[in-house]
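In what follows, a single structure is set out as structure tokens and then discussed.
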Amino acid sequence: MTDKTEMTYARYLALDTLLSAQLPQSGEDDEMLFIIIHQTKELWLKQMIKELRLAVRQIQSDALVPAYKALARVSRIQAVMTLSWDILSTMTPSDYSRFRGVLGPSSGFQSDQFRTVEYMMGHKDKSFLKYQDDRPEAQAAMRAALDSPSIWDETILALARKGFDLSDAVLKRDWSEPYAPHAEVEAAFLTVYRDTEKYWELYQLAEKLVDLDDAMAAWRHKHVLTVERIIGGKMGTGGTAGAAYLHSTLGKRAFPELWSLRTQL
């Protein structure tokens with residue numbers, strides 16, 4: 001007989017708690033898939049936040065090379081999350097319509113962890129805070145990410161510490177406001193990209209950030225396709241515009257100057 005105080009696989013992973021967290025509200029088989037897909041995404045988002053926080057601390061201390069590992073891990077998590085849309089797309093419109101009503105006003109649009117990731121990457125939008133009015137701790141975590149420099153802001157601050165002349169407009173701005181591209185930031189990174197040997201650490205950091213932006217764009221694109229495949233152009237749950245809203249997010253770039261500078265090289 002197993003000692004009840006001995007560590008086991010199930011105890012270590014809290015499997016009884018984890019596997020009892022799927023609570024379908026209908027009798028439809030496909031609802032379980034829907035729940036597991038979204039719960040898994042939330043677990044991966046939790047890990048992404050942890051890795052991004054680590055990378056931010058490392059960049060703040062000018063430990064740029066160690067930050068590469070956390071950023072590489074995040075981009076690989078993003079790739080796994082993107083692939084999960086293929087699993088969800090095995091659900092047909094008829095399958096989804098049988099249990100969609102039990103979702104009520106709930107929507108992935110309300111995910112506090114996804115918005116926290118967006119805030120940490122630099123997509124600042126205060127309007128999402130209101131969706132966590134009933135969850136003070138989640139809202140506080142979002143607020144902390146909103147009010148703190150994003151990983152892009154920290155990268156720009158690191159540029160300045162490396163000797164690049166940047167104005168207070170980018171170094172001392174209101175971190176809670178959306179970031180707007182600056183010509184001086186693009187010019188600084190053009191210098192980095194034109195002399196990669198001299199600025200190797202900054203160059204590699206920039207490319208790791210481009211990986212994140214690339215992976216996020218792929219995730220958004222696959223999300224749109226999956227939504228269109230399952231509900232077409234219908235309104236989303238929670239009163240969102242569904243695919244129309246998702247299409248509006250496809251052009252988002254967290255690190256805009258790293259994209260625009262490529263035209264100048």
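Naming scheme: A, B, ... for chains in displayed order of the structure tokens; residues 1 onward per chain; ligands 1 onward as shown.
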
So which residues touch Phe114 in chain A within 12 Å, counting only C-alpha atoms, skipping near sequence neighbours fewer than 2 positions away, as a CSV table (one decimal) with C-alpha atoms, in the first residue's frame?
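Contents of the output file part-v3.csv:
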chain,number,residue,atom,x,y,z
A,38,HIS,CA,-9.0,26.9,-23.2
A,41,LYS,CA,-4.1,27.9,-23.0
A,42,GLU,CA,-4.4,29.5,-19.6
A,43,LEU,CA,-1.8,27.2,-18.2
A,44,TRP,CA,0.6,28.1,-21.0
A,45,LEU,CA,-0.2,31.8,-20.6
A,46,LYS,CA,0.8,31.4,-16.9
A,47,GLN,CA,4.1,30.1,-18.0
A,48,MET,CA,4.6,32.8,-20.6
A,49,ILE,CA,4.0,35.5,-17.9
A,78,GLN,CA,3.2,30.4,-28.6
A,81,MET,CA,-0.8,27.4,-28.6
A,108,GLY,CA,-11.9,34.5,-24.3
A,109,PHE,CA,-11.9,38.3,-24.8
A,110,GLN,CA,-12.0,38.5,-21.0
A,111,SER,CA,-8.8,36.5,-20.3
A,112,ASP,CA,-6.8,38.4,-17.8
A,116,THR,CA,-1.4,40.7,-19.1
A,117,VAL,CA,0.9,39.1,-21.8
A,118,GLU,CA,-0.2,41.8,-24.2
A,119,TYR,CA,0.6,44.5,-21.6
A,120,MET,CA,4.0,43.0,-21.0
A,121,MET,CA,4.7,43.0,-24.7
A,123,HIS,CA,0.0,46.5,-26.1
A,128,PHE,CA,-9.7,45.5,-20.5
A,129,LEU,CA,-9.4,46.1,-16.7
A,138,ALA,CA,-6.4,39.2,-11.4
A,141,ALA,CA,-1.9,41.7,-11.8
A,142,MET,CA,-3.2,43.3,-14.9
A,145,ALA,CA,1.7,45.0,-16.0
A,216,MET,CA,1.8,36.3,-31.8
A,220,ARG,CA,-3.9,35.7,-34.1

Checklist entry - range 88-199 of chain A: which residues are helix (DSSP H, G or I) by DSSP, as a ChimeraX atom specification? => result /A:88,93-97,100-103,108-110,112-121,126-132,136-147,151-161,168-171,183-194

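One finds CA of Phe255 in chain A at 11.8 Å from CA of Leu205 in chain A.
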
Checklist entry - Using only C-alpha atoms, which residues sit within 9 Å of range 21-37 of chain A once same-chain residues fewer than 2 positions away are excluded, as a ChimeraX atom specification? => result /A:16-19,39-42,84-85,87-88,91,95-96,98-100,102-103

Store the residues of this selection in a file with C-alpha atoms, as an mmCIF file, in the first residue's frame.
data_model
loop_
_atom_site.group_PDB
_atom_site.id
_atom_site.type_symbol
_atom_site.label_atom_id
_atom_site.label_comp_id
_atom_site.auth_asym_id
_atom_site.auth_seq_id
_atom_site.Cartn_x
_atom_site.Cartn_y
_atom_site.Cartn_z
ATOM 1 C CA ASP A 16 -7.161 15.118 -8.589
ATOM 2 C CA THR A 17 -7.612 18.897 -8.487
ATOM 3 C CA LEU A 18 -6.528 19.430 -12.077
ATOM 4 C CA LEU A 19 -8.721 16.711 -13.583
ATOM 5 C CA GLN A 39 -7.800 25.728 -19.807
ATOM 6 C CA THR A 40 -4.579 24.499 -21.420
ATOM 7 C CA LYS A 41 -4.092 27.898 -23.037
ATOM 8 C CA GLU A 42 -4.444 29.548 -19.643
ATOM 9 C CA SER A 84 -3.987 23.876 -30.577
ATOM 10 C CA TRP A 85 -6.374 25.797 -32.840
ATOM 11 C CA ILE A 87 -7.518 20.578 -32.550
ATOM 12 C CA LEU A 88 -10.373 22.963 -31.815
ATOM 13 C CA MET A 91 -15.353 20.911 -33.961
ATOM 14 C CA ASP A 95 -21.138 20.720 -32.831
ATOM 15 C CA TYR A 96 -20.462 24.127 -31.296
ATOM 16 C CA ARG A 98 -25.308 22.598 -29.532
ATOM 17 C CA PHE A 99 -23.605 23.944 -26.405
ATOM 18 C CA ARG A 100 -22.709 27.542 -27.233
ATOM 19 C CA VAL A 102 -24.211 27.631 -21.924
ATOM 20 C CA LEU A 103 -21.263 30.028 -22.318
#

Find the nearest atom pair between each residue of range 123-210 of chain A and range 248-254 of chain A for residues within 9 Å, count only C-alpha atoms, give distances in Å to one decimal, sort rows by chain and ascending number, and present the table as a Markdown table.
| residue | atom | partner | partner_atom | distance |
| --- | --- | --- | --- | --- |
| A:His123 | CA | A:Ala254 | CA | 6.4 |
| A:Trp152 | CA | A:Ala254 | CA | 7.5 |
| A:Tyr179 | CA | A:Ala254 | CA | 8.3 |
| A:Leu209 | CA | A:Ala254 | CA | 8.8 |
| A:Val210 | CA | A:Ala254 | CA | 8.9 |

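Using only C-alpha atoms, the smallest distance between any of A:Ile156, A:Val56, A:Ala183, A:Ala10 and Leu171 in chain A comes from A:Ile156.
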
Checklist entry - Could you name the residues that touch Lys208 in chain A at 10 Å or less, counting only C-alpha atoms, but leaving out those on the same chain fewer than 3 positions away, as an MDAnalysis selection string? => result chainID A and resid 67:72 74:75 202:205 211:214

Next on the checklist: What's around Leu261 in chain A at 9 Å? Count only C-alpha atoms, leave out sequence neighbours fewer than 6 positions away in its own chain, and write the answer as a count of residues only.
Outcome noted: 5

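Across the model, the gap from CA of Leu166 in chain A to CA of Thr196 in chain A is 19.7 Å.
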
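In this structure, CA of Trp200 in chain A sits 25.7 Å away from CA of Ala217 in chain A.
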
Could you pull the residues within 10 Å of Leu225 in chain A, counting only C-alpha atoms, minus those fewer than 2 positions along the same chain, as a PDB file with N, CA and C atoms, in the first residue's frame?
ATOM      1  N   TRP A  85      -5.192  25.396 -32.075  1.00  0.00           N
ATOM      2  CA  TRP A  85      -6.374  25.797 -32.840  1.00  0.00           C
ATOM      3  C   TRP A  85      -6.777  24.695 -33.829  1.00  0.00           C
ATOM      4  N   ASP A  86      -5.787  23.934 -34.330  1.00  0.00           N
ATOM      5  CA  ASP A  86      -6.099  22.847 -35.254  1.00  0.00           C
ATOM      6  C   ASP A  86      -6.951  21.778 -34.576  1.00  0.00           C
ATOM      7  N   SER A  89     -10.471  23.152 -34.242  1.00  0.00           N
ATOM      8  CA  SER A  89     -11.170  23.252 -35.527  1.00  0.00           C
ATOM      9  C   SER A  89     -11.743  21.920 -35.991  1.00  0.00           C
ATOM     10  N   ARG A 220      -2.706  34.936 -33.795  1.00  0.00           N
ATOM     11  CA  ARG A 220      -3.902  35.730 -34.100  1.00  0.00           C
ATOM     12  C   ARG A 220      -4.526  35.289 -35.427  1.00  0.00           C
ATOM     13  N   HIS A 221      -3.674  35.045 -36.415  1.00  0.00           N
ATOM     14  CA  HIS A 221      -4.181  34.647 -37.733  1.00  0.00           C
ATOM     15  C   HIS A 221      -4.919  33.311 -37.649  1.00  0.00           C
ATOM     16  N   LYS A 222      -4.330  32.339 -36.963  1.00  0.00           N
ATOM     17  CA  LYS A 222      -4.964  31.024 -36.837  1.00  0.00           C
ATOM     18  C   LYS A 222      -6.234  31.113 -36.007  1.00  0.00           C
ATOM     19  N   HIS A 223      -6.250  32.009 -35.033  1.00  0.00           N
ATOM     20  CA  HIS A 223      -7.446  32.225 -34.232  1.00  0.00           C
ATOM     21  C   HIS A 223      -8.606  32.699 -35.120  1.00  0.00           C
ATOM     22  N   VAL A 227     -12.125  30.686 -35.772  1.00  0.00           N
ATOM     23  CA  VAL A 227     -13.424  31.295 -35.458  1.00  0.00           C
ATOM     24  C   VAL A 227     -14.304  31.339 -36.696  1.00  0.00           C
ATOM     25  N   GLU A 228     -13.734  31.743 -37.839  1.00  0.00           N
ATOM     26  CA  GLU A 228     -14.523  31.800 -39.071  1.00  0.00           C
ATOM     27  C   GLU A 228     -15.000  30.408 -39.484  1.00  0.00           C
ATOM     28  N   ARG A 229     -14.176  29.417 -39.239  1.00  0.00           N
ATOM     29  CA  ARG A 229     -14.544  28.050 -39.611  1.00  0.00           C
ATOM     30  C   ARG A 229     -15.701  27.538 -38.758  1.00  0.00           C
ATOM     31  N   ILE A 230     -15.740  27.969 -37.496  1.00  0.00           N
ATOM     32  CA  ILE A 230     -16.744  27.436 -36.577  1.00  0.00           C
ATOM     33  C   ILE A 230     -18.008  28.284 -36.499  1.00  0.00           C
ATOM     34  N   GLY A 232     -18.319  31.433 -38.483  1.00  0.00           N
ATOM     35  CA  GLY A 232     -18.437  32.357 -39.607  1.00  0.00           C
ATOM     36  C   GLY A 232     -18.337  33.799 -39.145  1.00  0.00           C
ATOM     37  N   ALA A 243     -15.197  37.376 -35.451  1.00  0.00           N
ATOM     38  CA  ALA A 243     -14.100  37.400 -36.417  1.00  0.00           C
ATOM     39  C   ALA A 243     -13.756  38.818 -36.860  1.00  0.00           C
ATOM     40  N   LEU A 246     -11.373  40.174 -34.395  1.00  0.00           N
ATOM     41  CA  LEU A 246     -10.084  39.481 -34.508  1.00  0.00           C
ATOM     42  C   LEU A 246      -9.301  39.948 -35.729  1.00  0.00           C
ATOM     43  N   HIS A 247     -10.000  40.191 -36.839  1.00  0.00           N
ATOM     44  CA  HIS A 247      -9.333  40.711 -38.031  1.00  0.00           C
ATOM     45  C   HIS A 247      -8.658  42.058 -37.735  1.00  0.00           C
TER      46      HIS A 247
END
